[in-house]
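Below is the file query-v9.txt, which contains compact mmCIF, C-alpha atoms and all ligand atoms.
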```txt
# COMPACT_ATOMS: atom_id res chain seq x y z
CA MET A 1 218.96 1.77 -50.06
CA LEU A 2 217.85 -1.86 -49.90
CA ARG A 3 216.87 -1.41 -46.27
CA HIS A 4 213.91 0.64 -47.37
CA LEU A 5 212.56 -2.33 -49.27
CA VAL A 6 212.06 -4.42 -46.21
CA PRO A 7 209.43 -2.70 -44.01
CA ALA A 8 206.70 -2.26 -46.62
CA VAL A 9 206.95 -5.87 -47.62
CA LEU A 10 206.70 -6.97 -44.00
CA VAL A 11 203.54 -4.97 -43.52
CA LEU A 12 202.08 -6.74 -46.52
CA ALA A 13 203.12 -10.03 -45.03
CA SER A 14 201.41 -9.47 -41.72
CA LEU A 15 198.14 -8.11 -43.01
CA GLY A 16 197.81 -10.17 -46.15
CA LEU A 17 196.26 -9.04 -49.40
CA ARG A 18 194.08 -11.97 -50.22
CA ALA A 19 190.37 -11.58 -50.62
CA GLN A 20 189.47 -14.76 -48.78
CA GLU A 21 191.28 -13.62 -45.68
CA SER A 22 188.58 -11.21 -44.59
CA GLU A 23 185.75 -12.94 -42.77
CA PRO A 24 183.09 -10.36 -42.04
CA SER A 25 180.13 -11.27 -39.86
CA ALA A 26 177.46 -9.93 -42.17
CA PRO A 27 173.67 -9.89 -42.50
CA SER A 28 172.46 -12.51 -44.98
CA CYS A 29 172.70 -11.43 -48.63
CA LYS A 30 172.12 -13.69 -51.61
CA GLU A 31 174.09 -11.52 -54.00
CA CYS A 32 177.43 -11.96 -52.24
CA GLY A 33 176.85 -14.98 -50.01
CA SER A 34 176.89 -12.55 -47.08
CA ARG A 35 180.53 -11.76 -47.61
CA GLY A 36 179.83 -8.10 -48.18
CA GLU A 37 182.04 -8.16 -51.28
CA ARG A 38 182.16 -9.81 -54.68
CA GLU A 39 185.03 -10.91 -56.80
CA CYS A 40 186.37 -8.25 -59.13
CA SER A 41 185.35 -9.25 -62.66
CA GLU A 42 188.52 -7.81 -64.19
CA HIS A 43 190.64 -10.79 -63.07
CA LYS A 44 189.06 -13.47 -65.19
CA ARG A 45 189.86 -17.17 -65.66
CA ASP A 46 193.37 -18.06 -64.48
CA LEU A 47 194.12 -14.52 -63.32
CA ALA A 48 191.96 -14.71 -60.20
CA ASP A 49 193.94 -17.75 -59.03
CA LEU A 50 197.27 -16.19 -59.95
CA GLU A 51 196.47 -13.02 -58.02
CA SER A 52 195.17 -14.77 -54.93
CA ALA A 53 198.33 -16.92 -54.77
CA VAL A 54 200.62 -13.92 -54.26
CA ARG A 55 200.96 -11.13 -51.72
CA ALA A 56 200.80 -8.27 -54.21
CA CYS A 57 200.99 -7.58 -57.94
CA SER A 58 201.40 -4.18 -59.56
CA VAL A 59 199.15 -5.20 -62.47
CA ALA A 60 196.30 -6.09 -60.10
CA GLN A 61 196.97 -2.88 -58.22
CA ALA A 62 196.41 -0.93 -61.44
CA CYS A 63 192.91 -2.44 -61.80
CA ARG A 64 190.41 0.41 -62.19
CA ARG A 65 187.59 -1.51 -60.49
CA CYS A 66 189.29 -2.92 -57.38
CA ALA A 67 192.71 -1.21 -57.16
CA GLY A 68 194.31 -4.52 -56.23
CA ALA A 69 191.86 -5.49 -53.48
CA LEU A 70 190.65 -8.26 -55.87
CA GLY A 71 187.10 -7.70 -54.59
CA VAL A 72 184.47 -4.97 -54.94
CA ASP A 73 181.83 -3.81 -52.49
CA CYS A 74 178.47 -5.62 -52.74
CA LYS A 75 175.84 -3.03 -53.56
CA SER A 76 172.99 -5.19 -52.23
CA CYS A 77 174.07 -5.17 -48.61
CA ARG A 78 175.94 -3.06 -46.14
CA ASN A 79 178.91 -4.55 -44.42
CA PRO A 80 181.30 -2.04 -42.87
CA LEU A 81 183.83 -4.72 -41.98
CA ALA A 82 184.07 -5.94 -45.58
CA GLU A 83 184.28 -2.37 -46.85
CA GLU A 84 187.07 -1.66 -44.44
CA GLY A 85 188.87 -4.84 -45.56
CA LEU A 86 188.62 -3.82 -49.22
CA ARG A 87 189.90 -0.34 -48.45
CA ARG A 88 192.81 -1.70 -46.44
CA ARG A 89 193.78 -4.22 -49.14
CA ALA A 90 193.71 -1.56 -51.85
CA GLU A 91 195.81 0.70 -49.65
CA LEU A 92 198.43 -2.00 -49.08
CA ALA A 93 198.54 -2.78 -52.79
CA ALA A 94 199.04 0.93 -53.53
CA ARG A 95 201.81 1.22 -50.96
CA PHE A 96 203.57 -1.80 -52.44
CA ALA A 97 203.35 -0.51 -56.00
CA ILE A 98 204.48 3.02 -55.09
CA GLU A 99 207.43 1.74 -53.08
CA ARG A 100 208.60 -0.64 -55.83
CA ARG A 101 208.18 1.98 -58.54
CA GLN A 102 210.30 4.40 -56.52
CA GLU A 103 213.03 1.86 -55.75
CA VAL A 104 213.22 0.19 -59.15
CA GLY A 105 210.80 1.43 -61.79
CA SER A 106 211.68 5.12 -61.65
CA HIS A 107 215.28 4.33 -62.72
CA ALA A 108 214.23 2.27 -65.73
CA VAL A 109 214.41 3.42 -69.36
CA GLU A 110 210.63 3.02 -69.59
CA PRO A 111 209.30 2.98 -66.04
CA ASP A 112 205.84 1.77 -67.04
CA GLU A 113 207.29 -1.40 -68.59
CA ILE A 114 208.47 -2.81 -65.26
CA LEU A 115 205.94 -4.96 -63.38
CA PHE A 116 206.24 -5.96 -59.73
CA LEU A 117 205.22 -9.01 -57.74
CA ALA A 118 205.57 -9.97 -54.07
CA THR A 119 205.35 -13.66 -53.21
CA GLU A 120 205.92 -15.29 -49.83
CA HIS A 121 209.73 -15.16 -50.10
CA CYS A 122 210.47 -12.99 -53.11
CA ASP A 123 210.16 -9.46 -54.47
CA LEU A 124 210.25 -9.74 -58.24
CA SER A 125 210.71 -6.93 -60.77
CA PHE A 126 209.87 -7.99 -64.30
CA SER A 127 209.85 -6.70 -67.87
CA PHE A 128 210.65 -9.78 -69.98
CA ALA A 129 208.75 -9.81 -73.27
CA PRO A 130 206.03 -12.47 -73.84
CA MET A 131 207.49 -15.96 -74.21
CA THR A 132 206.34 -19.42 -75.20
CA VAL A 133 206.19 -21.86 -72.30
CA ASP A 134 205.16 -25.44 -73.02
CA ARG A 135 203.82 -24.31 -76.42
CA ARG A 136 201.64 -21.67 -74.81
CA LYS A 137 202.40 -18.00 -75.35
CA LEU A 138 202.40 -16.12 -72.04
CA ASP A 139 202.18 -12.34 -71.79
CA SER A 140 204.65 -10.54 -69.52
CA HIS A 141 202.20 -10.41 -66.62
CA ARG A 142 201.46 -14.15 -66.63
CA LEU A 143 205.15 -14.86 -67.20
CA MET A 144 205.99 -12.84 -64.09
CA HIS A 145 203.51 -14.89 -62.04
CA LEU A 146 205.06 -18.07 -63.45
CA TYR A 147 208.54 -16.98 -62.38
CA GLY A 148 207.23 -15.95 -58.96
CA ALA A 149 205.75 -19.45 -58.59
CA ARG A 150 208.98 -21.08 -59.81
CA ILE A 151 211.05 -19.16 -57.27
CA GLU A 152 208.66 -20.26 -54.51
CA ASP A 153 208.94 -23.82 -55.82
CA LEU A 154 212.74 -23.64 -55.62
CA HIS A 155 212.53 -22.28 -52.07
CA ARG A 156 210.30 -25.21 -51.08
CA ARG A 157 212.63 -27.69 -52.74
CA PHE A 158 215.76 -26.19 -51.12
CA VAL A 159 214.16 -26.40 -47.67
CA GLU A 160 212.97 -29.96 -48.41
CA VAL A 161 216.35 -31.32 -49.63
CA PHE A 162 218.27 -29.94 -46.67
CA GLU A 163 215.40 -30.39 -44.19
CA LEU A 164 215.62 -26.81 -43.01
CA GLY A 165 213.33 -25.01 -40.57
CA GLY A 166 212.42 -21.36 -40.06
CA ALA A 167 215.43 -20.83 -37.79
CA ASP A 168 217.78 -21.76 -40.65
CA PHE A 169 217.15 -18.38 -42.30
CA PRO A 170 217.91 -15.05 -40.64
CA ALA A 171 215.08 -13.14 -38.96
CA PRO A 172 214.52 -9.81 -40.74
CA ALA A 173 216.31 -6.90 -39.09
CA ASP A 174 217.88 -3.60 -40.12
CA ASP A 175 221.04 -5.24 -41.34
CA VAL A 176 219.71 -8.53 -42.74
CA SER A 177 216.75 -9.88 -44.71
CA PRO A 178 215.97 -13.38 -45.95
CA ARG A 179 213.80 -11.98 -48.78
CA LEU A 180 214.90 -12.75 -52.31
CA GLY A 181 215.18 -9.72 -54.57
CA VAL A 182 214.95 -10.92 -58.18
CA HIS A 183 214.99 -8.43 -61.06
CA MET A 184 214.42 -9.60 -64.63
CA PHE A 185 214.81 -6.90 -67.29
CA GLU A 186 214.10 -7.23 -70.98
CA ASP A 187 216.33 -4.27 -71.80
CA ALA A 188 220.12 -4.37 -71.30
CA ARG A 189 220.05 -0.64 -70.54
CA ASP A 190 217.88 -1.30 -67.47
CA GLN A 191 220.36 -3.91 -66.30
CA ARG A 192 223.27 -1.46 -66.75
CA GLU A 193 221.50 1.27 -64.81
CA LEU A 194 219.73 -0.80 -62.17
CA ALA A 195 221.98 -3.78 -61.39
CA PRO A 196 224.57 -1.60 -59.56
CA ARG A 197 221.79 0.01 -57.48
CA LEU A 198 220.12 -3.28 -56.68
CA THR A 199 223.16 -5.48 -56.09
CA GLY A 200 225.94 -3.01 -55.33
CA ILE A 201 228.02 -4.57 -58.12
CA GLY A 202 228.78 -3.04 -61.52
CA SER A 203 227.10 -4.84 -64.36
CA GLN A 204 228.91 -6.23 -67.39
CA GLY A 205 227.58 -9.76 -67.81
CA THR A 206 224.08 -11.12 -68.24
CA GLY A 207 223.38 -11.45 -64.52
CA VAL A 208 224.82 -10.12 -61.26
CA LYS A 209 223.96 -10.89 -57.67
CA MET A 210 224.41 -9.77 -54.09
CA MET A 211 224.73 -12.52 -51.52
CA GLY A 212 224.82 -12.67 -47.75
CA SER A 213 222.76 -10.37 -45.54
CA PHE A 214 220.77 -8.89 -48.43
CA LEU A 215 219.89 -11.00 -51.42
CA ALA A 216 219.50 -9.72 -54.94
CA TYR A 217 219.88 -11.12 -58.42
CA SER A 218 219.50 -8.92 -61.46
CA VAL A 219 219.47 -10.28 -65.01
CA TRP A 220 218.62 -8.99 -68.47
CA HIS A 221 217.18 -10.95 -71.34
CA ASP A 222 220.41 -11.64 -73.26
CA PRO A 223 219.34 -13.53 -76.40
CA LYS A 224 222.76 -15.21 -76.70
CA THR A 225 222.56 -17.07 -73.39
CA LEU A 226 218.82 -16.99 -72.61
CA ARG A 227 217.30 -18.24 -75.84
CA ASP A 228 214.05 -19.66 -74.47
CA ASP A 229 212.04 -20.21 -71.32
CA VAL A 230 214.05 -23.29 -70.31
CA ASP A 231 217.31 -21.28 -70.45
CA VAL A 232 215.77 -18.55 -68.33
CA HIS A 233 214.35 -21.05 -65.86
CA ARG A 234 217.77 -22.71 -65.41
CA ALA A 235 219.45 -19.32 -64.90
CA ILE A 236 216.92 -18.32 -62.25
CA ARG A 237 217.20 -21.65 -60.46
CA HIS A 238 221.01 -21.57 -60.49
CA ASN A 239 221.35 -18.00 -59.29
CA VAL A 240 218.54 -17.95 -56.74
CA THR A 241 220.07 -21.11 -55.25
CA HIS A 242 223.29 -19.10 -54.72
CA LEU A 243 221.22 -16.54 -52.80
CA LEU A 244 219.50 -19.19 -50.67
CA LEU A 245 222.77 -20.97 -49.90
CA SER A 246 224.41 -17.73 -48.78
CA SER A 247 221.36 -16.69 -46.72
CA PHE A 248 221.01 -19.95 -44.83
CA VAL A 249 222.39 -19.50 -41.26
CA PRO A 250 225.20 -18.75 -40.55
CA THR A 251 224.60 -16.17 -43.28
CA GLN A 252 227.73 -15.99 -45.41
CA TRP A 253 228.76 -16.34 -49.05
CA ILE A 254 231.35 -19.14 -49.16
CA GLY A 255 232.24 -19.00 -52.88
CA ASN A 256 235.19 -16.69 -52.21
CA ARG A 257 236.34 -18.42 -49.03
CA GLY A 258 237.79 -21.54 -50.55
CA HIS A 259 234.52 -23.47 -50.92
CA GLY A 260 233.74 -22.90 -54.58
CA TRP A 261 232.80 -26.54 -55.18
CA ILE A 262 230.03 -26.33 -52.56
CA ASP A 263 228.79 -22.93 -53.76
CA GLU A 264 228.68 -23.98 -57.42
CA GLY A 265 227.84 -27.64 -56.87
CA VAL A 266 224.68 -26.81 -54.92
CA ALA A 267 223.61 -24.20 -57.51
CA HIS A 268 224.02 -26.82 -60.26
CA PHE A 269 222.25 -29.48 -58.15
CA PHE A 270 219.02 -27.45 -58.30
CA GLU A 271 219.62 -26.08 -61.82
CA ILE A 272 219.84 -29.56 -63.36
CA GLU A 273 216.36 -30.39 -62.04
CA VAL A 274 214.81 -28.18 -64.75
CA ASP A 275 215.69 -30.44 -67.72
CA GLY A 276 218.69 -32.60 -66.82
CA ARG A 277 221.22 -30.05 -68.08
CA CYS A 278 223.41 -27.32 -66.62
CA ALA A 279 224.34 -24.19 -68.54
CA ASN A 280 225.10 -21.47 -66.00
CA PHE A 281 228.53 -20.13 -65.22
CA CYS A 282 228.06 -16.91 -63.32
CA TYR A 283 229.74 -13.70 -64.35
CA GLU A 284 232.23 -13.56 -61.50
CA GLU A 285 233.34 -17.06 -62.40
CA VAL A 286 235.97 -17.80 -65.06
CA GLY A 287 235.47 -15.86 -68.26
CA VAL A 288 233.23 -18.17 -70.22
CA ALA A 289 232.17 -17.35 -73.77
CA PRO A 290 228.38 -17.00 -74.12
CA GLY A 291 226.80 -20.37 -74.83
CA ALA A 292 229.97 -22.34 -73.96
CA ASN A 293 229.36 -25.52 -72.02
CA TRP A 294 230.82 -28.89 -71.13
CA LYS A 295 229.50 -32.03 -72.85
CA GLY A 296 226.47 -30.09 -74.12
CA GLY A 297 225.24 -29.66 -70.54
CA ARG A 298 224.78 -33.41 -70.05
CA TRP A 299 227.04 -33.56 -67.05
CA LYS A 300 226.08 -36.94 -65.63
CA VAL A 301 227.06 -38.64 -68.89
CA GLY A 302 230.28 -36.61 -69.11
CA ILE A 303 231.32 -37.47 -65.56
CA ARG A 304 230.49 -41.16 -66.10
CA GLN A 305 232.68 -41.22 -69.23
CA LEU A 306 235.59 -39.71 -67.30
CA ALA A 307 235.11 -42.32 -64.57
CA GLU A 308 235.22 -45.12 -67.16
CA THR A 309 238.48 -43.86 -68.66
CA GLY A 310 240.11 -43.02 -65.33
CA GLN A 311 240.19 -39.29 -66.12
CA LEU A 312 238.18 -37.86 -63.24
CA ARG A 313 239.85 -34.88 -61.57
CA ARG A 314 241.00 -35.39 -58.00
CA PHE A 315 238.96 -33.94 -55.14
CA THR A 316 242.16 -32.70 -53.51
CA GLU A 317 243.06 -30.76 -56.67
CA LEU A 318 239.91 -28.62 -56.59
CA TYR A 319 238.18 -28.62 -53.21
CA GLU A 320 239.93 -25.56 -51.77
CA LYS A 321 239.43 -23.31 -54.80
CA ASN A 322 237.03 -20.37 -55.00
CA SER A 323 234.04 -20.29 -57.34
CA ASP A 324 235.88 -18.06 -59.82
CA GLN A 325 238.80 -20.49 -60.02
CA LEU A 326 236.70 -23.35 -61.38
CA ASP A 327 236.77 -24.09 -65.11
CA LEU A 328 233.86 -25.72 -66.96
CA GLU A 329 234.96 -29.28 -66.23
CA ALA A 330 235.55 -28.39 -62.56
CA HIS A 331 231.96 -27.10 -62.38
CA ALA A 332 230.75 -30.50 -63.58
CA HIS A 333 232.84 -32.22 -60.91
CA ALA A 334 231.53 -29.85 -58.23
CA TYR A 335 227.98 -30.71 -59.27
CA ALA A 336 228.65 -34.45 -59.19
CA TRP A 337 230.42 -34.32 -55.80
CA VAL A 338 227.48 -32.49 -54.25
CA ASP A 339 225.06 -34.89 -55.94
CA PHE A 340 227.03 -37.86 -54.56
CA LEU A 341 227.03 -36.55 -50.98
CA ILE A 342 223.33 -35.62 -51.04
CA GLN A 343 222.05 -38.78 -52.81
CA GLU A 344 224.28 -41.17 -50.92
CA HIS A 345 224.36 -39.58 -47.47
CA GLY A 346 221.31 -37.30 -47.35
CA GLY A 347 220.56 -33.58 -47.49
CA PRO A 348 220.65 -32.92 -43.72
CA ARG A 349 224.24 -34.13 -43.43
CA PHE A 350 225.24 -31.95 -46.36
CA ALA A 351 223.53 -29.01 -44.64
CA ASP A 352 225.72 -29.74 -41.61
CA LEU A 353 228.81 -29.61 -43.82
CA VAL A 354 227.70 -26.21 -45.13
CA ARG A 355 227.05 -24.92 -41.60
CA ARG A 356 230.51 -26.01 -40.47
CA VAL A 357 232.44 -24.44 -43.32
CA LYS A 358 230.35 -21.27 -43.09
CA ALA A 359 231.30 -21.05 -39.43
CA GLY A 360 234.97 -21.21 -40.46
CA GLY A 361 235.52 -24.97 -40.14
CA VAL A 362 238.15 -26.74 -42.25
CA THR A 363 236.60 -28.94 -44.98
CA ARG A 364 238.90 -31.88 -44.25
CA ASP A 365 237.83 -32.02 -40.59
CA ALA A 366 234.18 -31.38 -41.40
CA LEU A 367 234.10 -34.25 -43.93
CA GLN A 368 235.79 -36.59 -41.47
CA ALA A 369 233.39 -35.68 -38.67
CA ILE A 370 230.22 -35.89 -40.77
CA TYR A 371 230.98 -38.67 -43.28
CA GLY A 372 233.80 -40.59 -41.62
CA PHE A 373 236.20 -40.05 -44.53
CA GLY A 374 238.46 -37.19 -45.59
CA PRO A 375 239.54 -35.64 -48.93
CA LEU A 376 242.09 -38.40 -49.61
CA GLN A 377 239.42 -41.11 -49.40
CA PHE A 378 236.87 -39.12 -51.40
CA ASP A 379 237.75 -40.13 -54.99
CA GLU A 380 237.53 -43.88 -54.53
CA ARG A 381 234.03 -43.73 -53.04
CA PHE A 382 232.86 -41.13 -55.54
CA THR A 383 234.14 -43.05 -58.59
CA ALA A 384 232.42 -46.26 -57.49
CA TRP A 385 229.15 -44.38 -56.97
CA VAL A 386 229.35 -42.67 -60.39
CA LYS A 387 229.92 -46.03 -62.11
CA ALA A 388 226.95 -47.51 -60.29
CA THR A 389 224.50 -44.63 -60.87
CA TYR A 390 225.33 -42.24 -63.75
CA PRO A 391 224.27 -43.11 -67.31
CA LEU A 392 226.85 -43.92 -70.01
CA ARG A 393 224.84 -42.08 -72.66
ZN ZN A 401 175.90 -8.56 -50.41
ZN ZN A 402 199.26 -10.13 -61.36
ZN ZN A 403 190.23 -5.76 -60.09
ZN ZN A 404 227.11 -20.10 -60.11
```
How does the structure come out when it is put into structure tokens?
Amino acid sequence: MLRHLVPAVLVLASLGLRAQESEPSAPSCKECGSRGERECSEHKRDLADLESAVRACSVAQACRRCAGALGVDCKSCRNPLAEEGLRRRAELAARFAIERRQEVGSHAVEPDEILFLATEHCDLSFSFAPMTVDRRKLDSHRLMHLYGARIEDLHRRFVEVFELGGADFPAPADDVSPRLGVHMFEDARDQRELAPRLTGIGSQGTGVKMMGSFLAYSVWHDPKTLRDDVDVHRAIRHNVTHLLLSSFVPTQWIGNRGHGWIDEGVAHFFEIEVDGRCANFCYEEVGVAPGANWKGGRWKVGIRQLAETGQLRRFTELYEKNSDQLDLEAHAHAYAWVDFLIQEHGGPRFADLVRRVKAGGVTRDALQAIYGFGPLQFDERFTAWVKATYPLR
């Protein structure tokens, strides 16, 4: 079913939906600056910028004046090229909205409540209720654009930390896509109905995901674990990082292949950038009561305190476990180990470690080859680094 999602999005990608992309050679017209079209007045203030920053938005597509083209024909001049561009953009927007409504919206409790956005790397479905972000109340539409921008920001950051290039993600084909499918539902009933369709996994927890060749994360707005925008932001960052890590070539989810500390550690590495805390323990991981955490989410302080009292867990005790075998404290260690390797030895070397274990390499040999030390020499170096860099309080 997910295969059908890919082609329409690719068409959008190649043709583009942005108003400024059409450059008609037009007769001179003062009304439109000879562009043959004018901006649609329905997308006022910040909305014009939000819409032109994305590939497609179902709210813009529903605009009665421009149908998602973001521009309207200039009545003072004739410019067939601009008219054709407007028509084509509206048609692409319509195709996008129809396809997303069929795939996702039509299965929702209230189909009209689900909004859709396509950004450079992500297809987002969204029905979260308005929320306060930095003391400003955002309606669902603006909130969706914010999350689209945050997912793009995470993608940029992931590529930057590991110094990845285009070839590090799979080229789209029938059996693989690097696009991120993210589905955020206000209503738990939508999650129950849609998460199995979208991720292939039955839904019981707050969020579920599909990793590997096709990437999808579906989450509902559980008030117990996602109390405010910062909670939601952390959850998105944590879980979308899992998708990116599994997608990155060789495409493979490693969390169930004895590399849980890498899978979870990397997800926490990007999660903690939101506000210095971690709070996400995915559903397939150990049964964790909603809201439970370790050291109130202040993991650097917690790890430093363990280092001071000689209570850090050994690398050899945990490094061959799967993601779902890690308890809360083990998650904090996984985060700190990944942080240590990236901060001390650089993102590109860590990316090499990931490539090797994804290709079936043994962690012990990969560490030795890349860092010059193995699991038995890990703790001493790590402890010294924690004492030198992590805060005591
Ligand atoms: Zn004109
Ligand atoms: Zn929009
Ligand atoms: Zn419009
Ligand atoms: Zn996780």
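The residue that comes closest to A:Gln343, out of A:Phe162, A:Asp231, A:Arg179, A:Ile370 and on the basis of all atoms listed in the file, is A:Phe162.
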Discussion item. Env of A:Arg393: 10 Å cut, atoms = only C-alpha atoms, seq-sep filter 3 positions within chain, self excluded. Answer as a count of residues only.
Written reply: 7
Discussion item. Would you pick out the contacts of A:Phe214 at 7 Å or less, using only C-alpha atoms, so that residues sharing its chain but fewer than 4 positions from it are not included, and give the list as a PyMOL selection string?
Written reply: chain A and resi 176-177+210
Find the residues near ligand ZN 401 (chain A). Use a cut-off of 9 Å, count all atoms listed in the file, and write them as a PDB file with C-alpha atoms, keeping the file's coordinate frame.
```
ATOM      1  CA  ALA A  26     177.460  -9.930 -42.170  1.00  0.00           C
ATOM      2  CA  PRO A  27     173.670  -9.890 -42.500  1.00  0.00           C
ATOM      3  CA  SER A  28     172.460 -12.510 -44.980  1.00  0.00           C
ATOM      4  CA  CYS A  29     172.700 -11.430 -48.630  1.00  0.00           C
ATOM      5  CA  LYS A  30     172.120 -13.690 -51.610  1.00  0.00           C
ATOM      6  CA  GLU A  31     174.090 -11.520 -54.000  1.00  0.00           C
ATOM      7  CA  CYS A  32     177.430 -11.960 -52.240  1.00  0.00           C
ATOM      8  CA  GLY A  33     176.850 -14.980 -50.010  1.00  0.00           C
ATOM      9  CA  SER A  34     176.890 -12.550 -47.080  1.00  0.00           C
ATOM     10  CA  ARG A  35     180.530 -11.760 -47.610  1.00  0.00           C
ATOM     11  CA  GLY A  36     179.830  -8.100 -48.180  1.00  0.00           C
ATOM     12  CA  GLU A  37     182.040  -8.160 -51.280  1.00  0.00           C
ATOM     13  CA  ARG A  38     182.160  -9.810 -54.680  1.00  0.00           C
ATOM     14  CA  ASP A  73     181.830  -3.810 -52.490  1.00  0.00           C
ATOM     15  CA  CYS A  74     178.470  -5.620 -52.740  1.00  0.00           C
ATOM     16  CA  LYS A  75     175.840  -3.030 -53.560  1.00  0.00           C
ATOM     17  CA  SER A  76     172.990  -5.190 -52.230  1.00  0.00           C
ATOM     18  CA  CYS A  77     174.070  -5.170 -48.610  1.00  0.00           C
ATOM     19  CA  ARG A  78     175.940  -3.060 -46.140  1.00  0.00           C
ATOM     20  CA  ASN A  79     178.910  -4.550 -44.420  1.00  0.00           C
TER      21      ASN A  79
END
```
Each chain A residue no farther than 10 Å from ligand ZN 403 (chain A), nearest pair in Å, only C-alpha atoms and all ligand atoms, as CSV:
```
residue,atom,partner,partner_atom,distance
A:Glu39,CA,A:ZN403,ZN,8.0
A:Cys40,CA,A:ZN403,ZN,4.7
A:Ser41,CA,A:ZN403,ZN,6.5
A:Glu42,CA,A:ZN403,ZN,4.9
A:His43,CA,A:ZN403,ZN,5.9
A:Lys44,CA,A:ZN403,ZN,9.3
A:Ala48,CA,A:ZN403,ZN,9.1
A:Glu51,CA,A:ZN403,ZN,9.8
A:Val59,CA,A:ZN403,ZN,9.2
A:Ala60,CA,A:ZN403,ZN,6.1
A:Gln61,CA,A:ZN403,ZN,7.6
A:Ala62,CA,A:ZN403,ZN,8.0
A:Cys63,CA,A:ZN403,ZN,4.6
A:Arg64,CA,A:ZN403,ZN,6.5
A:Arg65,CA,A:ZN403,ZN,5.0
A:Cys66,CA,A:ZN403,ZN,4.0
A:Ala67,CA,A:ZN403,ZN,6.0
A:Gly68,CA,A:ZN403,ZN,5.8
A:Ala69,CA,A:ZN403,ZN,6.8
A:Leu70,CA,A:ZN403,ZN,4.9
A:Gly71,CA,A:ZN403,ZN,6.6
A:Val72,CA,A:ZN403,ZN,7.8
A:Ala90,CA,A:ZN403,ZN,9.9
```
Limited to C-alpha atoms, could you put the picked residues into a file as a tab-separated table (two decimals), keeping the file's coordinate frame?
```tsv
chain	number	residue	atom	x	y	z
A	39	GLU	CA	185.03	-10.91	-56.80
A	40	CYS	CA	186.37	-8.25	-59.13
A	41	SER	CA	185.35	-9.25	-62.66
A	42	GLU	CA	188.52	-7.81	-64.19
A	43	HIS	CA	190.64	-10.79	-63.07
A	44	LYS	CA	189.06	-13.47	-65.19
A	48	ALA	CA	191.96	-14.71	-60.20
A	51	GLU	CA	196.47	-13.02	-58.02
A	59	VAL	CA	199.15	-5.20	-62.47
A	60	ALA	CA	196.30	-6.09	-60.10
A	61	GLN	CA	196.97	-2.88	-58.22
A	62	ALA	CA	196.41	-0.93	-61.44
A	63	CYS	CA	192.91	-2.44	-61.80
A	64	ARG	CA	190.41	0.41	-62.19
A	65	ARG	CA	187.59	-1.51	-60.49
A	66	CYS	CA	189.29	-2.92	-57.38
A	67	ALA	CA	192.71	-1.21	-57.16
A	68	GLY	CA	194.31	-4.52	-56.23
A	69	ALA	CA	191.86	-5.49	-53.48
A	70	LEU	CA	190.65	-8.26	-55.87
A	71	GLY	CA	187.10	-7.70	-54.59
A	72	VAL	CA	184.47	-4.97	-54.94
A	90	ALA	CA	193.71	-1.56	-51.85
```
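Atom CA of A:Pro170 sits 8.3 Å away from atom CA of A:Ser213.
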Discussion item. Neighbouring residues of A:Arg150 were defined as those with any atom within 9 Å, considering only C-alpha atoms; residues of the same chain fewer than 5 positions away were excluded. Please report them as a ChimeraX atom specification.
Written reply: /A:145,155,233,236-237
